[in-house]
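Asker: This one is start_4.txt, compact mmCIF, C-alpha atoms and all ligand atoms.
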```
# COMPACT_ATOMS: atom_id res chain seq x y z
CA MET A 12 -24.91 7.17 -17.95
CA LYS A 13 -25.20 6.19 -14.31
CA VAL A 14 -22.11 5.55 -12.17
CA THR A 15 -23.22 2.00 -11.43
CA GLU A 16 -23.65 1.35 -15.16
CA HIS A 17 -20.11 2.61 -15.77
CA ILE A 18 -18.89 0.19 -13.11
CA ARG A 19 -20.88 -2.71 -14.54
CA LYS A 20 -19.67 -2.02 -18.08
CA ALA A 21 -16.04 -1.81 -16.94
CA GLN A 22 -16.26 -5.52 -15.98
CA GLY A 23 -13.78 -5.33 -13.15
CA ASN A 24 -11.44 -2.78 -14.74
CA THR A 25 -10.76 0.20 -12.51
CA LEU A 26 -12.27 3.50 -13.70
CA PHE A 27 -10.76 6.98 -13.38
CA SER A 28 -12.83 9.84 -11.92
CA PHE A 29 -12.27 13.08 -10.08
CA GLU A 30 -13.98 15.84 -8.12
CA ILE A 31 -13.83 19.56 -8.82
CA LEU A 32 -15.02 22.62 -6.94
CA PRO A 33 -17.07 25.33 -8.67
CA PRO A 34 -15.02 28.53 -9.13
CA LEU A 35 -15.17 31.22 -6.48
CA LYS A 36 -17.98 33.69 -7.13
CA GLY A 37 -16.75 36.28 -9.64
CA ASP A 38 -14.27 33.92 -11.34
CA ASN A 39 -15.12 32.47 -14.71
CA VAL A 40 -15.56 28.84 -15.64
CA GLN A 41 -12.25 28.59 -17.54
CA SER A 42 -10.34 27.37 -14.46
CA ILE A 43 -12.66 24.35 -14.38
CA TYR A 44 -12.12 23.68 -18.06
CA ASN A 45 -8.34 23.91 -17.54
CA THR A 46 -8.54 21.20 -14.85
CA ILE A 47 -10.70 18.97 -17.03
CA ASP A 48 -8.58 19.58 -20.18
CA ASN A 49 -5.54 18.45 -18.18
CA LEU A 50 -7.19 15.15 -17.21
CA ILE A 51 -9.53 14.34 -20.09
CA GLU A 52 -6.99 12.07 -21.86
CA PHE A 53 -7.50 9.51 -19.04
CA ASP A 54 -11.12 9.16 -20.06
CA PRO A 55 -12.87 9.98 -16.77
CA ALA A 56 -16.03 7.93 -16.31
CA PHE A 57 -17.58 10.76 -14.29
CA ILE A 58 -16.70 14.11 -12.74
CA ASP A 59 -18.12 15.16 -9.37
CA VAL A 60 -18.91 18.82 -8.70
CA THR A 61 -19.10 19.85 -5.04
CA TYR A 62 -21.90 21.96 -3.55
CA HIS A 63 -21.13 24.85 -1.21
CA ARG A 64 -23.82 26.26 0.99
CA GLU A 65 -24.10 29.79 2.28
CA GLU A 66 -21.71 31.32 4.80
CA TYR A 67 -22.23 34.31 7.08
CA LEU A 68 -19.86 37.26 6.90
CA TYR A 69 -19.84 40.11 9.39
CA LEU A 70 -19.01 43.42 7.66
CA GLU A 71 -18.07 46.50 9.65
CA LYS A 72 -20.25 49.50 8.78
CA PRO A 73 -18.97 53.15 8.93
CA ASN A 74 -20.74 53.58 12.30
CA GLY A 75 -18.74 50.65 13.73
CA LEU A 76 -21.68 48.25 13.89
CA LEU A 77 -21.42 44.83 12.27
CA GLU A 78 -23.72 43.84 9.44
CA LYS A 79 -24.47 40.14 8.92
CA LYS A 80 -24.30 39.21 5.25
CA VAL A 81 -25.16 35.86 3.72
CA VAL A 82 -22.86 34.84 0.86
CA ARG A 83 -22.33 31.77 -1.24
CA LYS A 84 -18.67 31.73 -2.18
CA ARG A 85 -18.92 28.96 -4.77
CA PRO A 86 -22.31 28.97 -6.47
CA GLY A 87 -22.88 27.31 -9.83
CA THR A 88 -22.83 23.54 -9.16
CA VAL A 89 -25.75 22.72 -11.43
CA GLY A 90 -24.62 25.06 -14.23
CA ILE A 91 -21.13 23.57 -14.22
CA CYS A 92 -22.53 20.03 -14.37
CA ALA A 93 -24.66 20.95 -17.37
CA ALA A 94 -21.67 22.66 -19.03
CA ILE A 95 -19.42 19.62 -18.46
CA GLN A 96 -21.97 17.21 -19.92
CA SER A 97 -22.49 19.42 -22.96
CA LYS A 98 -18.81 20.29 -23.62
CA TYR A 99 -17.06 17.01 -22.74
CA LYS A 100 -19.87 14.41 -23.00
CA VAL A 101 -18.74 13.10 -19.61
CA ASP A 102 -21.24 12.35 -16.83
CA ALA A 103 -21.21 15.09 -14.22
CA ILE A 104 -22.33 14.39 -10.68
CA PRO A 105 -23.67 17.29 -8.67
CA HIS A 106 -23.40 17.02 -4.91
CA ILE A 107 -26.63 17.80 -3.09
CA LEU A 108 -26.84 18.65 0.61
CA CYS A 109 -29.36 18.48 3.42
CA GLY A 110 -27.89 21.72 4.82
CA GLY A 111 -29.48 24.88 3.49
CA PHE A 112 -32.27 23.01 1.69
CA ASP A 113 -35.81 22.32 2.77
CA LYS A 114 -37.64 19.43 1.10
CA GLU A 115 -39.24 21.72 -1.47
CA ASP A 116 -35.83 23.18 -2.44
CA THR A 117 -34.50 19.64 -2.76
CA GLU A 118 -37.35 18.61 -5.01
CA ASN A 119 -36.91 21.67 -7.24
CA PHE A 120 -33.14 21.08 -7.44
CA LEU A 121 -33.75 17.48 -8.52
CA ILE A 122 -36.37 18.52 -11.08
CA ASP A 123 -33.80 20.90 -12.64
CA LEU A 124 -31.23 18.09 -12.79
CA ASP A 125 -33.74 15.71 -14.33
CA PHE A 126 -34.66 18.25 -17.03
CA LEU A 127 -30.95 18.80 -17.76
CA GLY A 128 -30.41 15.08 -18.34
CA ILE A 129 -28.27 14.67 -15.22
CA ASP A 130 -29.07 11.26 -13.74
CA ASN A 131 -26.48 10.99 -10.98
CA VAL A 132 -26.27 12.72 -7.60
CA LEU A 133 -24.06 12.41 -4.53
CA ALA A 134 -26.35 12.88 -1.51
CA LEU A 135 -24.72 14.41 1.57
CA ARG A 136 -25.73 15.96 4.83
CA GLY A 137 -23.15 18.79 4.66
CA ASP A 138 -21.21 20.23 7.57
CA ALA A 139 -22.31 22.77 10.14
CA ILE A 140 -21.85 26.31 8.83
CA LYS A 141 -18.84 28.16 10.26
CA SER A 142 -20.88 30.14 12.80
CA GLU A 143 -22.43 26.99 14.31
CA ILE A 144 -20.82 24.07 16.15
CA TYR A 145 -23.36 21.39 15.21
CA PHE A 146 -25.20 20.84 11.98
CA ARG A 147 -28.67 22.35 11.96
CA PRO A 148 -31.17 21.36 9.28
CA GLU A 149 -33.52 23.85 7.67
CA ARG A 150 -37.08 23.93 8.91
CA ASN A 151 -38.75 21.11 6.96
CA GLY A 152 -35.32 19.96 5.79
CA HIS A 153 -33.37 16.77 6.39
CA ASN A 154 -31.30 15.93 9.48
CA PHE A 155 -29.24 13.14 7.94
CA ALA A 156 -28.21 12.02 4.49
CA HIS A 157 -30.37 8.87 4.64
CA GLU A 158 -33.47 11.10 4.75
CA LEU A 159 -32.27 12.93 1.66
CA VAL A 160 -31.65 9.58 -0.06
CA THR A 161 -35.22 8.57 0.84
CA GLN A 162 -36.59 11.70 -0.82
CA ILE A 163 -34.57 11.10 -3.99
CA GLN A 164 -35.64 7.47 -4.05
CA SER A 165 -39.30 8.54 -3.67
CA MET A 166 -38.93 10.72 -6.77
CA ASN A 167 -37.37 7.75 -8.56
CA ASP A 168 -40.57 5.94 -7.60
CA GLY A 169 -42.66 8.79 -9.05
CA GLN A 170 -43.67 10.23 -5.67
CA TYR A 171 -43.27 13.98 -5.35
CA LEU A 172 -44.08 16.10 -2.27
CA ASP A 173 -47.52 17.03 -3.63
CA ASP A 174 -49.66 13.94 -3.00
CA TYR A 175 -52.33 15.09 -5.45
CA LEU A 176 -50.02 14.74 -8.50
CA GLU A 177 -51.13 11.89 -10.71
CA ASN A 178 -49.01 9.98 -13.23
CA SER A 179 -45.96 12.00 -12.21
CA ASN A 180 -42.71 11.40 -14.05
CA PRO A 181 -40.42 9.07 -12.08
CA THR A 182 -36.86 10.38 -12.03
CA SER A 183 -34.00 7.97 -12.49
CA PHE A 184 -31.15 9.11 -10.30
CA ASP A 185 -28.23 6.88 -9.43
CA ILE A 186 -27.56 7.88 -5.83
CA GLY A 187 -24.08 8.00 -4.31
CA VAL A 188 -23.37 8.61 -0.62
CA ALA A 189 -20.27 9.42 1.44
CA ALA A 190 -18.37 7.17 3.85
CA TYR A 191 -15.36 7.54 6.11
CA PRO A 192 -12.83 4.69 6.44
CA GLU A 193 -11.43 6.49 9.50
CA LYS A 194 -14.93 7.27 10.90
CA HIS A 195 -16.95 10.45 10.49
CA MET A 196 -15.79 13.04 12.99
CA GLU A 197 -19.14 13.11 14.83
CA ALA A 198 -19.69 9.36 14.95
CA ALA A 199 -19.38 7.67 18.33
CA SER A 200 -17.67 4.62 16.81
CA LEU A 201 -16.71 3.30 13.38
CA GLN A 202 -19.14 0.40 13.70
CA GLN A 203 -22.04 2.73 14.51
CA ASP A 204 -21.05 4.95 11.56
CA ILE A 205 -21.16 1.85 9.32
CA LEU A 206 -24.66 1.00 10.61
CA TYR A 207 -25.79 4.49 9.63
CA LEU A 208 -24.07 4.01 6.27
CA LYS A 209 -26.13 0.85 5.83
CA GLN A 210 -29.24 2.92 6.55
CA LYS A 211 -28.31 5.12 3.54
CA VAL A 212 -27.94 2.05 1.34
CA GLU A 213 -31.26 0.64 2.55
CA ALA A 214 -32.87 4.00 1.76
CA GLY A 215 -31.72 3.66 -1.87
CA ALA A 216 -28.02 4.55 -2.22
CA ASP A 217 -26.50 2.74 -5.19
CA TYR A 218 -22.82 3.24 -4.39
CA ILE A 219 -20.45 4.80 -1.87
CA VAL A 220 -17.50 7.19 -2.25
CA THR A 221 -15.01 7.38 0.59
CA GLN A 222 -13.30 10.26 2.24
CA MET A 223 -9.63 10.51 1.26
CA PHE A 224 -7.22 8.18 3.05
CA PHE A 225 -3.46 7.69 2.84
CA ASP A 226 -3.16 4.19 4.26
CA ASN A 227 -4.78 1.58 2.02
CA ASP A 228 -5.17 -0.86 4.91
CA LYS A 229 -7.73 1.51 6.42
CA TYR A 230 -9.77 1.31 3.21
CA PHE A 231 -9.47 -2.49 2.95
CA GLN A 232 -10.46 -2.99 6.59
CA PHE A 233 -13.35 -0.58 6.16
CA VAL A 234 -14.63 -2.43 3.09
CA ASP A 235 -14.38 -5.74 4.98
CA LYS A 236 -16.42 -4.27 7.87
CA CYS A 237 -19.03 -2.89 5.48
CA ARG A 238 -19.36 -6.26 3.74
CA ALA A 239 -19.63 -8.03 7.12
CA SER A 240 -22.44 -5.59 8.00
CA GLY A 241 -24.33 -6.48 4.85
CA ILE A 242 -23.42 -3.47 2.66
CA GLU A 243 -23.02 -4.83 -0.86
CA VAL A 244 -22.88 -1.74 -3.12
CA PRO A 245 -19.59 -0.59 -4.75
CA ILE A 246 -17.27 1.37 -2.44
CA ILE A 247 -15.16 3.82 -4.46
CA PRO A 248 -11.92 4.96 -2.78
CA GLY A 249 -11.22 8.71 -2.59
CA LEU A 250 -7.60 9.84 -3.09
CA LYS A 251 -5.60 13.03 -2.80
CA PRO A 252 -1.91 13.39 -3.64
CA ILE A 253 -0.38 15.66 -0.98
CA ALA A 254 1.14 18.75 -2.59
CA THR A 255 2.25 21.15 0.15
CA LYS A 256 3.75 21.06 3.64
CA GLY A 257 0.75 23.02 4.88
CA GLN A 258 -1.47 20.06 4.07
CA LEU A 259 0.25 18.07 6.85
CA SER A 260 -1.90 20.00 9.30
CA MET A 261 -4.73 21.15 7.04
CA ILE A 262 -5.82 17.66 5.92
CA PRO A 263 -6.07 16.07 9.40
CA HIS A 264 -7.77 19.23 10.70
CA ARG A 265 -10.33 19.63 7.94
CA PHE A 266 -10.98 16.02 6.94
CA LYS A 267 -10.25 14.21 10.22
CA VAL A 268 -7.93 11.65 8.63
CA ASP A 269 -4.48 10.49 9.75
CA LEU A 270 -1.33 10.56 7.67
CA PRO A 271 0.99 7.54 8.00
CA ASP A 272 4.30 8.17 9.79
CA ASP A 273 6.39 7.15 6.76
CA LEU A 274 4.65 9.74 4.60
CA VAL A 275 4.93 12.45 7.25
CA VAL A 276 8.67 11.79 7.74
CA GLU A 277 9.31 12.02 3.98
CA ILE A 278 7.37 15.28 3.70
CA ILE A 279 9.10 16.88 6.68
CA LYS A 280 12.47 16.12 5.06
CA CYS A 281 11.48 18.08 1.90
CA LYS A 282 13.20 21.43 1.31
CA ASP A 283 10.31 22.98 -0.62
CA ASN A 284 6.81 22.28 -1.90
CA GLN A 285 8.18 21.09 -5.24
CA ALA A 286 9.81 18.23 -3.36
CA VAL A 287 6.63 17.66 -1.30
CA LYS A 288 4.64 17.40 -4.50
CA GLN A 289 6.98 14.69 -5.76
CA VAL A 290 6.67 12.72 -2.51
CA GLY A 291 2.87 13.08 -2.68
CA ILE A 292 2.82 11.83 -6.27
CA GLU A 293 4.99 8.79 -5.49
CA TRP A 294 2.88 7.92 -2.43
CA SER A 295 -0.32 8.24 -4.42
CA ILE A 296 1.05 6.08 -7.27
CA GLN A 297 1.85 3.30 -4.78
CA GLN A 298 -1.62 3.60 -3.24
CA CYS A 299 -3.28 3.49 -6.67
CA LYS A 300 -1.24 0.51 -7.89
CA GLU A 301 -2.28 -1.55 -4.90
CA LEU A 302 -5.93 -0.46 -5.02
CA LYS A 303 -6.11 -1.19 -8.75
CA ALA A 304 -4.49 -4.59 -8.29
CA LYS A 305 -7.22 -5.40 -5.75
CA GLY A 306 -9.86 -4.46 -8.33
CA VAL A 307 -11.45 -1.35 -6.81
CA PRO A 308 -14.29 0.00 -8.99
CA ALA A 309 -12.70 3.43 -9.56
CA LEU A 310 -9.87 5.64 -8.37
CA HIS A 311 -11.59 8.90 -7.47
CA PHE A 312 -9.33 11.94 -7.01
CA TYR A 313 -10.02 15.08 -5.02
CA SER A 314 -8.52 17.80 -7.20
CA MET A 315 -9.06 20.73 -4.80
CA GLY A 316 -8.18 23.04 -7.71
CA LYS A 317 -4.93 21.23 -8.64
CA SER A 318 -4.68 18.72 -11.46
CA ASP A 319 -0.99 18.50 -12.46
CA ASN A 320 -0.13 15.99 -9.74
CA ILE A 321 -3.24 13.89 -10.50
CA LYS A 322 -2.18 13.87 -14.15
CA THR A 323 1.26 12.50 -13.23
CA VAL A 324 -0.32 9.81 -11.03
CA ALA A 325 -2.84 8.88 -13.74
CA GLN A 326 -0.03 8.59 -16.33
CA SER A 327 1.51 5.84 -14.20
CA ILE A 328 -1.74 4.01 -13.59
CA PHE A 329 -4.02 4.23 -16.63
P1 LIG B 401 -24.57 11.53 7.28
O1 LIG B 401 -24.50 10.25 6.57
O2 LIG B 401 -25.92 12.12 7.55
O3 LIG B 401 -23.78 11.35 8.66
C1 LIG B 401 -23.47 12.49 9.45
C2 LIG B 401 -23.20 12.04 10.88
O4 LIG B 401 -24.42 11.61 11.48
C3 LIG B 401 -22.26 10.84 11.01
O5 LIG B 401 -21.49 11.02 12.17
C4 LIG B 401 -23.18 9.63 11.16
O6 LIG B 401 -22.58 8.58 11.89
C5 LIG B 401 -24.34 10.25 11.92
N1 LIG B 401 -25.64 9.66 11.57
C6 LIG B 401 -26.05 9.26 10.35
N2 LIG B 401 -27.32 8.79 10.41
C7 LIG B 401 -27.71 8.90 11.71
C8 LIG B 401 -28.91 8.61 12.42
N3 LIG B 401 -29.97 8.06 11.81
N4 LIG B 401 -28.97 8.88 13.76
C9 LIG B 401 -27.90 9.42 14.40
N5 LIG B 401 -26.73 9.71 13.77
C10 LIG B 401 -26.64 9.47 12.45
N6 LIG B 401 -19.67 18.68 2.03
C11 LIG B 401 -20.19 19.75 1.38
O7 LIG B 401 -20.61 20.72 2.02
N7 LIG B 401 -20.25 19.78 0.00
C12 LIG B 401 -19.82 18.74 -0.76
O8 LIG B 401 -19.89 18.81 -1.99
C13 LIG B 401 -19.27 17.60 -0.10
N8 LIG B 401 -18.83 16.52 -0.81
C14 LIG B 401 -18.36 15.42 -0.14
C15 LIG B 401 -17.97 14.29 -0.89
C16 LIG B 401 -17.48 13.15 -0.23
C17 LIG B 401 -17.08 11.94 -1.05
C18 LIG B 401 -17.34 13.14 1.17
C19 LIG B 401 -16.78 11.93 1.88
C20 LIG B 401 -17.74 14.25 1.92
C21 LIG B 401 -18.26 15.39 1.28
N9 LIG B 401 -18.69 16.52 1.99
C22 LIG B 401 -19.22 17.61 1.33
C23 LIG B 401 -18.59 16.55 3.46
C24 LIG B 401 -19.87 16.03 4.16
O9 LIG B 401 -20.97 16.88 3.88
C25 LIG B 401 -19.59 16.01 5.67
O10 LIG B 401 -18.62 15.06 5.97
C26 LIG B 401 -20.80 15.88 6.58
O11 LIG B 401 -20.39 16.23 7.88
C27 LIG B 401 -21.40 14.48 6.64
O12 LIG B 401 -22.11 14.18 5.50
P2 LIG B 401 -22.74 12.71 5.30
O13 LIG B 401 -23.53 12.76 4.08
O14 LIG B 401 -21.69 11.69 5.45
O15 LIG B 401 -23.73 12.68 6.59
```
I'd like the structure from this file rewritten - as structure tokens, please.
Ligand code: FAD
Answerer:
Amino acid sequence: MKVTEHIRKAQGNTLFSFEILPPLKGDNVQSIYNTIDNLIEFDPAFIDVTYHREEYLYLEKPNGLLEKKVVRKRPGTVGICAAIQSKYKVDAIPHILCGGFDKEDTENFLIDLDFLGIDNVLALRGDAIKSEIYFRPERNGHNFAHELVTQIQSMNDGQYLDDYLENSNPTSFDIGVAAYPEKHMEAASLQQDILYLKQKVEAGADYIVTQMFFDNDKYFQFVDKCRASGIEVPIIPGLKPIATKGQLSMIPHRFKVDLPDDLVVEIIKCKDNQAVKQVGIEWSIQQCKELKAKGVPALHFYSMGKSDNIKTVAQSIF
């Protein structure tokens, strides 16, 4: 079932959902099942599976020269989505990127999803790969997520890349897109970022999922600004209970979000990561209680390979 149908059917009740990463290449799928088994009792409406594009490694050869090797550390997004839908009967949402895909690759990816009975996607641009400063699209690929949304929407309208196809099967993807209550790191201003977000909605996006945030006011203000700009689709908040002291610097660095002073002070006081985990859980419970009371469509958790703390939060909320 589509995400927007889940939201409609919930009739104002807040849904539970979470995001997982495919296992590192060489690991088996059991780690994913362990995460899902830990959270399945809370009846997730959908489970997102991230997509990880290629990275370049430089390996030293015996003669001292460096060899450039292309690797994908976490392949398997589509396979895991199919496995989740078959094993748990829960809707799985593959993430799909502009980066690393040309339009033909995108079309083939979507055809595979359609044949597998996967009718949700989260459409993203992707970040620049580690060896580049700025994002570079593939030749004949997409520069921005709104172009990717346009391609998916065209397939939903029965238009494939080959113009000569007649009576082609229209796909039926519910399209999610990303948003950033604290502004995307490359955006010149939050308002301009919201205008580009609106462009994604006008291209066909059915709902929005936000980057993680730790201060609910930032989410509420962001939603108000989106509504004032004419964005009417559901805006699902993204959440992450902090679990380690290292995340105090990792999260702002990687995700370009701020942590509130009160949370930082509490974490710095902690003697070990067990105590940090407890602070993170309590903070997240307070965030979730307020968001749920305000009637957000879903509480969407970034598991980043850890589910015990999400389980404790969910026990208090659902
Ligand atoms: P876009 O919407 O294309 O925006 C990118 C930047 O371009 C923004 O600064 C925007 O303001 C600007 N912009 C947009 N349109 C225009 C325009 N027409 N003209 C000029 N500027 C424009 N990354 C992964 O690699 N894999 C994942 O699975 C993944 N999942 C994610 C899930 C969520 C919920 C979120 C919030 C992020 C996720 N990301 C993932 C990270 C995401 O790929 C990066 O944040 C990326 O840098 C931006 O993607 P986007 O889709 O928001 O890009």
Asker: Return as a PyMOL selection string every polymer residue, whether protein, DNA or RNA, with at least one atom no more than 7 Å from an atom of ligand LIG 401 (chain B); count only C-alpha atoms and all ligand atoms.
Answerer: chain A and resi 60-64+106-108+134-138+154-157+188-191+195-198+203-204+207-208+220-222+249
Asker: Atom CA of A:Pro192 and atom CA of A:Ser314 are how many Å apart?
Answerer: 19.4 Å
Asker: Contacts of stretch 159-167 of chain A at 6 Å or less, counting all atoms listed in the file, minus same-chain residues fewer than 2 places along, as a compact mmCIF listing (two decimals) with C-alpha atoms, in the frame of the given file?
Answerer:
```txt
# COMPACT_ATOMS: atom_id res chain seq x y z
CA ALA A 156 -28.21 12.02 4.49
CA HIS A 157 -30.37 8.87 4.64
CA GLY A 169 -42.66 8.79 -9.05
CA GLN A 170 -43.67 10.23 -5.67
CA TYR A 171 -43.27 13.98 -5.35
CA PRO A 181 -40.42 9.07 -12.08
CA THR A 182 -36.86 10.38 -12.03
CA SER A 183 -34.00 7.97 -12.49
CA ALA A 214 -32.87 4.00 1.76
CA GLY A 215 -31.72 3.66 -1.87
```
Asker: Calculated over only C-alpha atoms, which of the candidates A:Leu310, A:Met12, A:Leu302, A:Leu77 has the smallest distance to A:Asp130?
Answerer: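 Nearest candidate to A:Asp130 out of A:Leu310, A:Met12, A:Leu302, A:Leu77: A:Met12.
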Asker: Any idea what the distance is between atom CA of A:Glu115 and atom CA of A:Gly152?
Answerer: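 Here the two named atoms are 8.4 Å from each other.
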Asker: Smallest atom-to-atom distance to A:Val82: which of A:Asn119, A:Gln96, A:Ile43, A:Lys36, using only C-alpha atoms?
Answerer: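 Smallest separation from A:Val82 among the options: A:Lys36.
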Asker: Within 7 Å of stretch 263-272 of chain A, counting only C-alpha atoms, which residues show up once you throw out same-chain ones fewer than 6 positions away? Write them as a list in words, please.
Answerer: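 That gives Glu193, Met196, Phe224, Phe225 and Asp226 of chain A.
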Asker: Calculated over all atoms listed in the file, which of the candidates A:Pro148, A:Gly111, A:Gly37, A:Gly90 has the smallest distance to A:Glu65?
Answerer: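 Closest candidate: A:Gly111.
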Asker: What's around A:Glu243 at 12 Å? Count all atoms listed in the file, leave out sequence neighbours fewer than 2 positions away in its own chain, and write the answer as a list in words.
Answerer: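 These residues fall inside the cut-off: Leu208, Lys209, Val212, Glu213, Ala216, Asp217, Tyr218, Ile219, Val234, Asp235, Lys236, Cys237, Arg238, Ala239, Ser240, Gly241, Pro245 and Ile246 of chain A.
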Asker: Starting from the point (-27.0, 26.9, 8.7), work out which residues of protein, DNA or RNA have an atom no more than 8 Å away when counting all atoms listed in the file; state them as a PyMOL selection string.
Answerer: chain A and resi 65-66+110-111+139-140+143+146-149
Asker: Store the residues picked out above in a file with C-alpha atoms, as a PDB file, in the frame of the given file.
Answerer:
```pdb
ATOM      1  CA  GLU A  65     -24.100  29.790   2.280  1.00  0.00           C
ATOM      2  CA  GLU A  66     -21.710  31.320   4.800  1.00  0.00           C
ATOM      3  CA  GLY A 110     -27.890  21.720   4.820  1.00  0.00           C
ATOM      4  CA  GLY A 111     -29.480  24.880   3.490  1.00  0.00           C
ATOM      5  CA  ALA A 139     -22.310  22.770  10.140  1.00  0.00           C
ATOM      6  CA  ILE A 140     -21.850  26.310   8.830  1.00  0.00           C
ATOM      7  CA  GLU A 143     -22.430  26.990  14.310  1.00  0.00           C
ATOM      8  CA  PHE A 146     -25.200  20.840  11.980  1.00  0.00           C
ATOM      9  CA  ARG A 147     -28.670  22.350  11.960  1.00  0.00           C
ATOM     10  CA  PRO A 148     -31.170  21.360   9.280  1.00  0.00           C
ATOM     11  CA  GLU A 149     -33.520  23.850   7.670  1.00  0.00           C
TER      12      GLU A 149
END
```
Asker: Find the residue from A:Ser295, A:Gln258, A:Thr117, A:Asn131 that sits nearest to A:Ile58; use all atoms listed in the file when measuring.
Answerer: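 Smallest separation from A:Ile58 among the options: A:Asn131.
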Asker: What is the atom CA of A:Asp113 to atom CA of A:Val244 distance in Å?
Answerer: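 Calculated distance between atom CA of A:Asp113 and atom CA of A:Val244 is 27.9 Å.
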Asker: Just the residues within 12 Å of stretch 280-291 of chain A, please, counting all atoms listed in the file, with nothing from its chain fewer than 3 positions along; format it as a PyMOL selection string.
Answerer: chain A and resi 225+250-259+270+273-277+294-298+317-321+323-324
Asker: From the set A:Leu172, A:Cys92, A:Val14, A:Ile279, which residue has the shortest atom-to-atom contact distance to A:Glu118, counting all atoms listed in the file?
Answerer: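 Of the candidates, the smallest distance to A:Glu118 is held by A:Leu172.
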Asker: Of the residues A:Ser200, A:Asn180, A:Gln210, A:Asn74, which is the one nearest to A:Phe126, using only C-alpha atoms?
Answerer: A:Asn180
Asker: Write out as an MDAnalysis selection string the residues lying within 7 Å of A:Arg85, counting only C-alpha atoms and excluding same-chain residues fewer than 2 positions away.
Answerer: chainID A and resid 33:36 63 83 87
